[in-house]
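Here is the structure we will look at, set down as structure tokens.
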Amino acid sequence: MNRFKTSSLKTKGTIGNFEDVIPLEFHEFDLPNKLHCILLRDKRIPMINLMIGYNVGSKDEIKNKKGIAHLFEHLMFQGSENVKKNGHFSQLMKLGGTCNAFTMQDATVYFDIAPSNELETVLWLESDRMNSLDLSEENLTNQKKVVIEEKKQRFENAPYGSLINKIFENVFENSAYESPVIGFEEDINSFTVKEALEFHENYYSPGNSVLILTGDIDLNQSKKLISKYFSGIKKSNKFKRNENLISVIRENKRIEVYDNIKLPMLCIAYQLPKAGSPEEYSMEYFTEIIANNKSSRLYKKLVYEKKLVRSISAEKIMLKDAGILFFNAQINPDTDIRLIEKEILDAVNDIVTNGCSDEEFGTIKNQLEFQNTVKYLKMLNISINTVFKYLYFKDISGVSNEIHKYMSVTKNDMMNSVKEFLTERNRIILTYLPMNLKK
Amino acid sequence: MAISELKNSNSKSGILDRSKPPRSGKPKDINFPKFFETKTANGITVLVIQDKRLPIVTSRFVFKSGSYLDHFMGKNKSGLGSMTSEILTKGTESRNASEIAEEIDFLGAGLTSGCNYDATFVSSYSLKKYFDEVFDILTDVILNPSFEEEELIRIADQRLNSLLSMIDDGDYLADRIFNRYVYSKSPYSNPLEGESKSIKNIVTKDLRKFYKKVFSPENLIVAFVGDISPEEALLKLENNFSGWKNSFSHSEEIIFPEFSKTPRVYLTDKKGAVQSSLKIGHLGIERSNPDFIKVSVMNTMLGGYFTSRINKNLREVNGYTYGARSVFNCYRYSGDFSVTTEVKTDITSETNREILKEINEMKNKHVGREELQNVKNYISGNFPMQLETPNDIASKAISLKLHGLEDDYYNTYIRKVNEITKEDVKEIAEKYLHTDRLIFSISGKSEDLKNEMQQFGEVEVTEDLF
């Protein structure tokens with residue numbers, strides 16, 4: 001067969017010679033009731049995306065009421081003064097739209113996607129449930145059941161389902177980030193209609209939220225309509241905040257969990273500083289060099305060469321007031337889990353002591369350039385990034401210029417971050433073991 | 001910005017009457033974007049979806065045969081297509097697996113390969129400035145794979161360990177057993193990823209055989225997407241692939257699956273389960289079935305979106321579950337219909353009964369005018385979201401070619417959705433929903449469920465776990 005041969009090239013690519021991505025043209029303004037609004041016009045398809053971010057999450061919950069912020073997210077679909085139970089969903093869907101919401105430690109976010117000729121209805125729906133809530137006992141009871149099934153499905157019945165909650169519980173022991181967003185069954189069941197209404201009055205106020213409208217919009221008309229539907233909303237703004245946000249990890253903490261699994265899992269987690277700190281960017285180089293790429297150090301050694309683990313990853317979670325970096329390895333049946341622990345810790349120490357090669361560092365720089373170019377292909381990604389930037393920093397300039405922060409990291413920055421934060425004192429070691437090994 | 005102006009506009013309107021939803025504006029027309037299409041001298045179908053907004057180029061090579069063929073490549077060969085596609089990026093005549101990974105990673109690019117029942121694909125993505133290098137590596141893995149024994153063993157070992165872990169998951173178990181019995185003896189009953197006995201049974205000779213049968217220009221659709229013109233794209237293909245001779249012969253055997261004659265229940269035990277994972281259904285339709293759009297509309301109403309009958313019943317009225325959905329899953333030669341959900345063990349029977357009730361209701365009664373209109377609006381209104389990125393458009397264009405749909409399929413799609421009547425919906429439900437032929441695949445506490453499940457059909461507890 002006459003087969004085409006390619007020249008064996010050895011990386012003709014260059015490093016870090018990135019092209020500026022076109023800046024996004026945001027329009028920002030405040031309504032008199034302090035609702036901050038951000039508009040971005042993007043006409044590629046005749047759709048709009050409305051997102052409301054509320055500055056409240058599980059970290060604002062008090063003892064015995066864990067899981068309330070998330071349960072409350074469900075209640076926002078149970079009806080408001082002029083919209084009946086599930087009316088938010090059904091009205092939007094019958095106009096060709098869709099909607100969803102999610103709750104995190106620091107924020108609760110709602111979004112609606114609809115054809116652009118339905119902008120006014122979307123604003124009407126979203127403003128009605130910011131303005132008022134119409135919650136019956138029956139609907140509250142129904143959603144408690146739904147949330148408890150959600151908890152079972154995602155965290156109890158799924159293999160390793162409790163992993164993320166165990167990481168938070170131990171990395172942030174005795175702090176506001178400690179409890180799982182999904183909460184505890186008893187606490188969920190104890191929530192009353194009265195408490196829900198208070199929660200709505202206190203946290204779901206214009207001054208405690210941000211509105212983001214992107215897509216096929218006319219700027220002037222959108223401003224007028226937003227004002228028409230949102231500026232009449234008045235709330236007390238009397239929210240309480242938990243003070244105790246971060247705690248220090250107890251030295252070299254170890255936790256063992258027995259689960260219905262066949263392959264053990266090893267997780268090594270460290271506490272990081274908050275979102276927006278230099279570590280958010282410098283540690284991105286570290287995690288990719290050490291674990292996530294096919295050409296990364298631990299993948300090559302443990303997955304590919306020695307076949308000791310099924311998978312290995314290193315991830316960051318950046319919260320408003322703190323962060324986490326964790327390694328996660330699913331261990332092959334005959335592998336000694338202690339050996340994997342040693343391999344990971346040795347790899348961390350090697351970077352602290354010897355750094356990395358220019359080629360390794362350049363590889364990640366090229367990858368970050370690609371990722372930071374491609375990430376704004378979807379309207380929803382832009383809105384989500386914008387909502388967090390605003391809720392965390394009250395400043396959205398980072399949405400378009402984040403690529404610069406990634407590109408300006410140096411090898412030294414990365415080594416210093418690793419040296420300072422990936423220490424024995426600042427880590428927990430969590431292992432998942434098959435139930436039949438339980439003594 | 002103009003805050004004072006906003007204040008005025010607010011005071012002018014006085015107190016807002018929120019009791020009525022606002023009126024809709026005029027909807028905008030949406031047409032499926034035009035794209036470039038041609039065929040090369042050696043038979044490759046070429047599509048170009050040009051979009052210059054971002055300096056990114058994706059190239060997608062899609063071969064029109066997939067793991068459906070596993071069944072015909074010898075006894076116990078399931079997983080063959082998927083392992084063949086996986087090994088492509090693990091070595092060529094001039095590069096080993098690490099070199100491919102390092103070169104691609106260094107360029108900040110991606111090179112992926114995979115397979116489903118109907119197609120096998122290899123794709124690359126990168127910034128435009130690295131496209132030449134990336135395309136050369138992509139070419140190399142497609143034309144010169146080396147099928148090293150050592151790499152095959154590595155892939156097989158990885159898969160066996162993955163399978164061990166996958167069968168810890170109740171949803172996977174329910175799905176796996178469902179497919180096994182719904183598709184009975186047809187190739188779709190074999191899992192794409194393979195099973196332990198077949199994975200151990202695949203040798204490099206099998207990979208070469210699969211490769212030879214599938215990887216050929218006439219069996220290939222290539223889509224170039226992003227910052228690349230048709231001229232540039234054609235030149236790339238000409239340079240790298242024009243010497244590739246066709247070896248493809250159109251001879252795909254087909255085995256059609258048969259419906260179960262009676263309802264049957266298959267239980268799979270999941271240790272420590274706190275919920276039952278349910279997958280309930282039967283055979284459905286092939287992708288090119290002329291009733292496809294009508295079936296989609298009917299299914300959306302039944303369980304295809306959040307406000308569907310099944311989700312409303314099981315979640316919003318009864319609080320049995322976090323979510324429930326129904327789907328018609330369509331392949332080239334066949335398909336299946338299923339309802340899936342996860343519920344507490346002790347309400348498994350109630351859940352089955354409610355699902356049966358909703359299916360029967362769909363078959364026996366006309367749907368309301370408003371309910372039908374809502375679904376039509378939902379499907380047509382959401383359609384543009386499926387065309388948001390150039391790769392979304394490419395996926396649709398590829399599927400036109402892959403399933404032999406008419407060129408104007410997506411331009412007439414919304415019109416066809418809107419022409420459907422309540423009589424059509426009932427007729428389609430009667431034709432394609434069969435409560436007397438259901439397979440109930442349930443993973444959870446088998447012992448607790450065994451007796452009470454007999455009311456739904458003959459019960460079998462699956463013991464051999466792959």
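Chain labels A, B, ... are given in the sequence in which chains occur in the structure tokens; within each chain residues are numbered consecutively from 1, and ligands are likewise numbered from 1 in the order shown.
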List every residue of chain A that has an atom at most 7 Å from any atom of chain B, giving for each one its closest atom pair and the distance in Å to one decimal, counting only C-alpha atoms, sorted by chain and then by ascending residue number, as a Markdown table.
| residue | atom | partner | partner_atom | distance |
| --- | --- | --- | --- | --- |
| A:Asn2 | CA | B:Gly243 | CA | 6.1 |
| A:Arg3 | CA | B:Trp244 | CA | 6.3 |
| A:Phe4 | CA | B:Asn240 | CA | 6.2 |
| A:Lys5 | CA | B:Asp140 | CA | 6.9 |
| A:Thr6 | CA | B:Asp136 | CA | 6.0 |
| A:Ser8 | CA | B:Ser94 | CA | 6.8 |
| A:Thr11 | CA | B:Glu103 | CA | 5.9 |
| A:Gly13 | CA | B:Leu107 | CA | 5.9 |
| A:Phe29 | CA | B:Met1 | CA | 6.0 |
| A:Leu31 | CA | B:Ile3 | CA | 6.9 |
| A:Ile45 | CA | B:Pro384 | CA | 6.3 |
| A:Pro46 | CA | B:Lys28 | CA | 6.8 |
| A:Asn82 | CA | B:Ser19 | CA | 5.3 |
| A:Ser90 | CA | B:Thr307 | CA | 6.2 |
| A:Met93 | CA | B:Tyr378 | CA | 5.1 |
| A:Lys94 | CA | B:Asn374 | CA | 4.2 |
| A:Leu95 | CA | B:Asn377 | CA | 5.7 |
| A:Gly96 | CA | B:Gly381 | CA | 3.6 |
| A:Gly97 | CA | B:Asn382 | CA | 6.0 |
| A:Pro115 | CA | B:Gly381 | CA | 6.1 |
| A:Asn117 | CA | B:Gly25 | CA | 4.5 |
| A:Glu118 | CA | B:Ser24 | CA | 5.3 |
| A:Glu120 | CA | B:Pro22 | CA | 6.3 |
| A:Thr121 | CA | B:Pro22 | CA | 5.4 |
| A:Trp124 | CA | B:Pro21 | CA | 6.9 |
| A:Asn142 | CA | B:Gly319 | CA | 5.3 |
| A:Gln143 | CA | B:Gly319 | CA | 6.9 |
| A:Lys145 | CA | B:Gly319 | CA | 5.3 |
| A:Val146 | CA | B:Tyr322 | CA | 5.0 |
| A:Val147 | CA | B:Tyr322 | CA | 6.7 |
| A:Glu149 | CA | B:Tyr322 | CA | 5.5 |
| A:Glu150 | CA | B:Tyr322 | CA | 4.9 |
| A:Lys152 | CA | B:Val274 | CA | 6.9 |
| A:Gln153 | CA | B:Glu342 | CA | 6.9 |
| A:Asn157 | CA | B:Val274 | CA | 5.8 |
| A:Ala158 | CA | B:Asp169 | CA | 6.2 |
| A:Pro159 | CA | B:Asp169 | CA | 6.2 |
| A:Lys224 | CA | B:Leu6 | CA | 6.6 |
| A:Ser227 | CA | B:Leu6 | CA | 6.3 |
| A:Lys228 | CA | B:Asn10 | CA | 5.9 |
| A:Asn260 | CA | B:Lys271 | CA | 6.4 |
| A:Ile261 | CA | B:Asp168 | CA | 5.8 |
| A:Lys262 | CA | B:Ser165 | CA | 6.0 |
| A:Leu263 | CA | B:Ser165 | CA | 6.2 |
| A:Lys294 | CA | B:Ala101 | CA | 5.8 |
| A:Ser295 | CA | B:Glu102 | CA | 5.3 |
| A:Arg310 | CA | B:Gln158 | CA | 6.4 |
| A:Asn332 | CA | B:Asn161 | CA | 6.6 |
| A:Thr363 | CA | B:Phe106 | CA | 4.1 |
| A:Asn366 | CA | B:Gly108 | CA | 4.5 |
| A:Gln367 | CA | B:Gly108 | CA | 3.6 |
| A:Phe370 | CA | B:Gly108 | CA | 6.1 |
| A:Leu377 | CA | B:Thr389 | CA | 6.3 |
| A:Lys378 | CA | B:Thr389 | CA | 6.9 |
- Taking the chain letters and numbering used in this document, name the residues of segment 6-78 of chain B that DSSP puts in alpha helix (DSSP H), as a ChimeraX atom specification. /B:6-13
- Message: Can you tell me which residues surround Lys84 of chain A at a distance of at most 12 Å, considering only C-alpha atoms, apart from same-chain residues fewer than 3 positions away, and format the answer as an MDAnalysis selection string?
- Response: (chainID A and resid 75:81 87:91 125 128:129 132:136 139) or (chainID B and resid 19)
Selection to disk with C-alpha atoms, as a PDB file, in the first residue's frame:
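again16.pdb written:
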ATOM      1  CA  LEU A  75     -37.857  25.825  46.886  1.00  0.00           C
ATOM      2  CA  MET A  76     -37.238  28.652  44.422  1.00  0.00           C
ATOM      3  CA  PHE A  77     -38.969  26.433  41.832  1.00  0.00           C
ATOM      4  CA  GLN A  78     -42.009  25.789  44.037  1.00  0.00           C
ATOM      5  CA  GLY A  79     -43.839  28.985  43.196  1.00  0.00           C
ATOM      6  CA  SER A  80     -43.828  32.723  43.820  1.00  0.00           C
ATOM      7  CA  GLU A  81     -46.591  35.326  44.089  1.00  0.00           C
ATOM      8  CA  GLY A  87     -44.345  27.392  36.755  1.00  0.00           C
ATOM      9  CA  HIS A  88     -40.843  28.735  36.357  1.00  0.00           C
ATOM     10  CA  PHE A  89     -39.857  25.563  34.524  1.00  0.00           C
ATOM     11  CA  SER A  90     -43.074  25.077  32.581  1.00  0.00           C
ATOM     12  CA  GLN A  91     -43.462  28.701  31.462  1.00  0.00           C
ATOM     13  CA  LEU A 125     -40.120  35.031  36.036  1.00  0.00           C
ATOM     14  CA  ASP A 128     -41.017  37.405  40.664  1.00  0.00           C
ATOM     15  CA  ARG A 129     -39.162  34.813  42.710  1.00  0.00           C
ATOM     16  CA  SER A 132     -41.704  36.965  46.718  1.00  0.00           C
ATOM     17  CA  LEU A 133     -42.024  33.286  47.539  1.00  0.00           C
ATOM     18  CA  ASP A 134     -45.265  31.323  47.734  1.00  0.00           C
ATOM     19  CA  LEU A 135     -44.378  28.177  49.622  1.00  0.00           C
ATOM     20  CA  SER A 136     -46.878  25.610  50.909  1.00  0.00           C
ATOM     21  CA  ASN A 139     -44.465  21.569  48.482  1.00  0.00           C
TER      22      ASN A 139
ATOM     23  CA  SER B  19     -49.763  39.189  37.769  1.00  0.00           C
TER      24      SER B  19
END
- Could you pull the residues within 12 Å of Thr410 of chain A, counting only C-alpha atoms, minus those fewer than 2 positions along the same chain, as a ChimeraX atom specification? /A:16,278-279,281-286,355-358,361-362,364-365,405-408,412-417
- Select from segment 73-285 of chain B everything DSSP, run on the backbone, classes as strand (DSSP E or B), then give the selection as number ranges by chain. B: 91-92, 96, 110-115, 120-127, 145, 220-226, 264-269, 275-283
Selected residues, N, CA and C atoms, written as a compact mmCIF listing (two decimals), in the first residue's frame, please.
# COMPACT_ATOMS: atom_id res chain seq x y z
N GLY B 91 0.99 4.35 19.40
CA GLY B 91 2.18 3.95 18.66
C GLY B 91 1.97 3.87 17.16
N THR B 92 2.96 4.41 16.41
CA THR B 92 2.94 4.30 14.94
C THR B 92 4.29 3.71 14.53
N ASN B 96 6.52 6.19 19.34
CA ASN B 96 5.90 5.33 20.35
C ASN B 96 4.85 6.14 21.14
N GLY B 110 -4.98 18.45 21.52
CA GLY B 110 -5.61 17.22 21.96
C GLY B 110 -5.74 16.26 20.80
N LEU B 111 -5.61 14.97 21.08
CA LEU B 111 -5.78 13.94 20.07
C LEU B 111 -6.60 12.84 20.74
N THR B 112 -7.82 12.62 20.27
CA THR B 112 -8.65 11.62 20.93
C THR B 112 -9.17 10.62 19.90
N SER B 113 -9.45 9.43 20.38
CA SER B 113 -10.03 8.44 19.47
C SER B 113 -11.03 7.61 20.25
N GLY B 114 -11.99 7.04 19.55
CA GLY B 114 -12.99 6.25 20.25
C GLY B 114 -13.94 5.63 19.26
N CYS B 115 -14.98 5.04 19.80
CA CYS B 115 -15.83 4.24 18.93
C CYS B 115 -17.18 4.08 19.60
N THR B 120 -16.43 4.94 14.18
CA THR B 120 -15.14 4.99 14.87
C THR B 120 -14.53 6.35 14.55
N PHE B 121 -14.01 7.04 15.54
CA PHE B 121 -13.51 8.38 15.24
C PHE B 121 -12.12 8.65 15.80
N VAL B 122 -11.41 9.57 15.13
CA VAL B 122 -10.16 10.11 15.62
C VAL B 122 -10.26 11.62 15.42
N SER B 123 -9.99 12.40 16.46
CA SER B 123 -10.12 13.86 16.34
C SER B 123 -8.91 14.56 16.91
N SER B 124 -8.65 15.74 16.37
CA SER B 124 -7.61 16.57 16.97
C SER B 124 -8.15 17.97 17.16
N TYR B 125 -7.64 18.67 18.17
CA TYR B 125 -7.97 20.09 18.33
C TYR B 125 -6.73 20.83 18.78
N SER B 126 -6.59 22.07 18.34
CA SER B 126 -5.42 22.86 18.72
C SER B 126 -5.63 24.31 18.30
N LEU B 127 -4.72 25.17 18.76
CA LEU B 127 -4.67 26.51 18.21
C LEU B 127 -4.27 26.39 16.74
N PRO B 145 -0.57 2.97 12.17
CA PRO B 145 -0.55 2.45 13.55
C PRO B 145 0.26 1.16 13.62
N LEU B 220 -15.08 7.01 5.07
CA LEU B 220 -14.64 8.10 5.96
C LEU B 220 -15.33 9.43 5.68
N ILE B 221 -15.73 10.09 6.77
CA ILE B 221 -16.19 11.48 6.71
C ILE B 221 -15.16 12.29 7.49
N VAL B 222 -14.66 13.38 6.89
CA VAL B 222 -13.76 14.25 7.64
C VAL B 222 -14.41 15.62 7.77
N ALA B 223 -14.51 16.12 9.00
CA ALA B 223 -15.03 17.47 9.20
C ALA B 223 -13.92 18.34 9.75
N PHE B 224 -13.67 19.48 9.07
CA PHE B 224 -12.74 20.49 9.57
C PHE B 224 -13.59 21.61 10.16
N VAL B 225 -13.23 22.03 11.36
CA VAL B 225 -14.09 22.97 12.06
C VAL B 225 -13.27 24.11 12.64
N GLY B 226 -13.74 25.34 12.46
CA GLY B 226 -13.09 26.49 13.10
C GLY B 226 -12.38 27.36 12.10
N ARG B 264 -40.50 -9.17 31.53
CA ARG B 264 -39.53 -9.91 32.35
C ARG B 264 -38.78 -8.97 33.26
N VAL B 265 -38.41 -9.51 34.44
CA VAL B 265 -37.68 -8.72 35.42
C VAL B 265 -36.29 -9.32 35.62
N TYR B 266 -35.25 -8.50 35.50
CA TYR B 266 -33.88 -8.97 35.76
C TYR B 266 -33.32 -8.18 36.93
N LEU B 267 -32.97 -8.89 37.99
CA LEU B 267 -32.42 -8.23 39.17
C LEU B 267 -30.92 -8.47 39.24
N THR B 268 -30.18 -7.41 39.54
CA THR B 268 -28.74 -7.55 39.71
C THR B 268 -28.40 -7.02 41.09
N ASP B 269 -27.71 -7.82 41.88
CA ASP B 269 -27.44 -7.41 43.25
C ASP B 269 -26.34 -6.36 43.31
N GLN B 275 -30.54 2.48 47.31
CA GLN B 275 -31.58 2.76 46.31
C GLN B 275 -31.60 1.64 45.28
N SER B 276 -32.72 1.55 44.55
CA SER B 276 -32.75 0.68 43.38
C SER B 276 -32.50 1.54 42.15
N SER B 277 -31.63 1.06 41.25
CA SER B 277 -31.46 1.73 39.96
C SER B 277 -32.34 1.01 38.95
N LEU B 278 -33.25 1.73 38.31
CA LEU B 278 -34.22 1.12 37.40
C LEU B 278 -33.94 1.51 35.96
N LYS B 279 -34.01 0.54 35.08
CA LYS B 279 -34.02 0.85 33.65
C LYS B 279 -35.06 -0.08 33.03
N ILE B 280 -36.14 0.52 32.55
CA ILE B 280 -37.30 -0.25 32.12
C ILE B 280 -37.62 0.11 30.68
N GLY B 281 -37.78 -0.90 29.81
CA GLY B 281 -38.11 -0.54 28.42
C GLY B 281 -38.09 -1.74 27.50
N HIS B 282 -37.95 -1.43 26.23
CA HIS B 282 -37.95 -2.49 25.21
C HIS B 282 -37.32 -1.95 23.94
N LEU B 283 -37.41 -2.70 22.84
CA LEU B 283 -36.81 -2.23 21.59
C LEU B 283 -37.50 -0.95 21.11
Non-local contacts of segment 289-291 of chain B (10 Å; only C-alpha atoms; under 3 positions in same chain excluded) as a PDB file with N, CA and C atoms, in the first residue's frame:
ATOM      1  N   ILE B 285     -36.581   2.311  17.909  1.00  0.00           N
ATOM      2  CA  ILE B 285     -36.468   2.508  16.455  1.00  0.00           C
ATOM      3  C   ILE B 285     -35.030   2.794  16.041  1.00  0.00           C
ATOM      4  N   GLU B 286     -34.728   2.546  14.762  1.00  0.00           N
ATOM      5  CA  GLU B 286     -33.425   2.894  14.212  1.00  0.00           C
ATOM      6  C   GLU B 286     -33.426   4.386  13.881  1.00  0.00           C
ATOM      7  N   LYS B 294     -41.544  12.333  15.135  1.00  0.00           N
ATOM      8  CA  LYS B 294     -42.787  12.122  15.897  1.00  0.00           C
ATOM      9  C   LYS B 294     -42.506  11.397  17.215  1.00  0.00           C
ATOM     10  N   VAL B 295     -41.629  10.403  17.127  1.00  0.00           N
ATOM     11  CA  VAL B 295     -41.261   9.667  18.337  1.00  0.00           C
ATOM     12  C   VAL B 295     -40.597  10.609  19.355  1.00  0.00           C
ATOM     13  N   SER B 296     -39.736  11.510  18.873  1.00  0.00           N
ATOM     14  CA  SER B 296     -39.074  12.456  19.793  1.00  0.00           C
ATOM     15  C   SER B 296     -40.094  13.327  20.502  1.00  0.00           C
ATOM     16  N   CYS B 330     -31.258   5.658  19.590  1.00  0.00           N
ATOM     17  CA  CYS B 330     -31.363   5.129  18.223  1.00  0.00           C
ATOM     18  C   CYS B 330     -30.011   4.855  17.589  1.00  0.00           C
ATOM     19  N   ARG B 332     -27.984   2.668  14.096  1.00  0.00           N
ATOM     20  CA  ARG B 332     -28.192   2.549  12.660  1.00  0.00           C
ATOM     21  C   ARG B 332     -29.248   1.488  12.306  1.00  0.00           C
ATOM     22  N   TYR B 333     -29.183   0.343  12.971  1.00  0.00           N
ATOM     23  CA  TYR B 333     -30.089  -0.742  12.592  1.00  0.00           C
ATOM     24  C   TYR B 333     -31.193  -1.025  13.601  1.00  0.00           C
ATOM     25  N   SER B 334     -31.120  -0.415  14.775  1.00  0.00           N
ATOM     26  CA  SER B 334     -32.114  -0.707  15.794  1.00  0.00           C
ATOM     27  C   SER B 334     -32.059   0.394  16.851  1.00  0.00           C
ATOM     28  N   LEU B 405     -29.334  10.923   6.264  1.00  0.00           N
ATOM     29  CA  LEU B 405     -30.534  11.764   6.315  1.00  0.00           C
ATOM     30  C   LEU B 405     -30.507  12.764   5.163  1.00  0.00           C
ATOM     31  N   ASP B 424     -51.434  12.013  15.781  1.00  0.00           N
ATOM     32  CA  ASP B 424     -50.114  11.432  15.482  1.00  0.00           C
ATOM     33  C   ASP B 424     -49.475  10.886  16.757  1.00  0.00           C
ATOM     34  N   ILE B 428     -48.401   7.079  17.368  1.00  0.00           N
ATOM     35  CA  ILE B 428     -46.993   6.738  17.593  1.00  0.00           C
ATOM     36  C   ILE B 428     -46.813   6.014  18.925  1.00  0.00           C
ATOM     37  N   TYR B 432     -45.246   2.311  19.189  1.00  0.00           N
ATOM     38  CA  TYR B 432     -43.879   2.104  19.683  1.00  0.00           C
ATOM     39  C   TYR B 432     -43.757   1.869  21.192  1.00  0.00           C
TER      40      TYR B 432
END
- Message: as a count of residues only, please: the residues near Arg176 of chain B (cut-off 9 Å, only C-alpha atoms, same-chain neighbours under 2 positions excluded).
- Response: 12
- Query: What is the atom CA of Asn311 of chain B-atom CA of Tyr160 of chain A distance in Å, reported with one decimal?
  - Reply: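 Computing the Euclidean distance for atom CA of Asn311 of chain B and atom CA of Tyr160 of chain A yields 26.9 Å.
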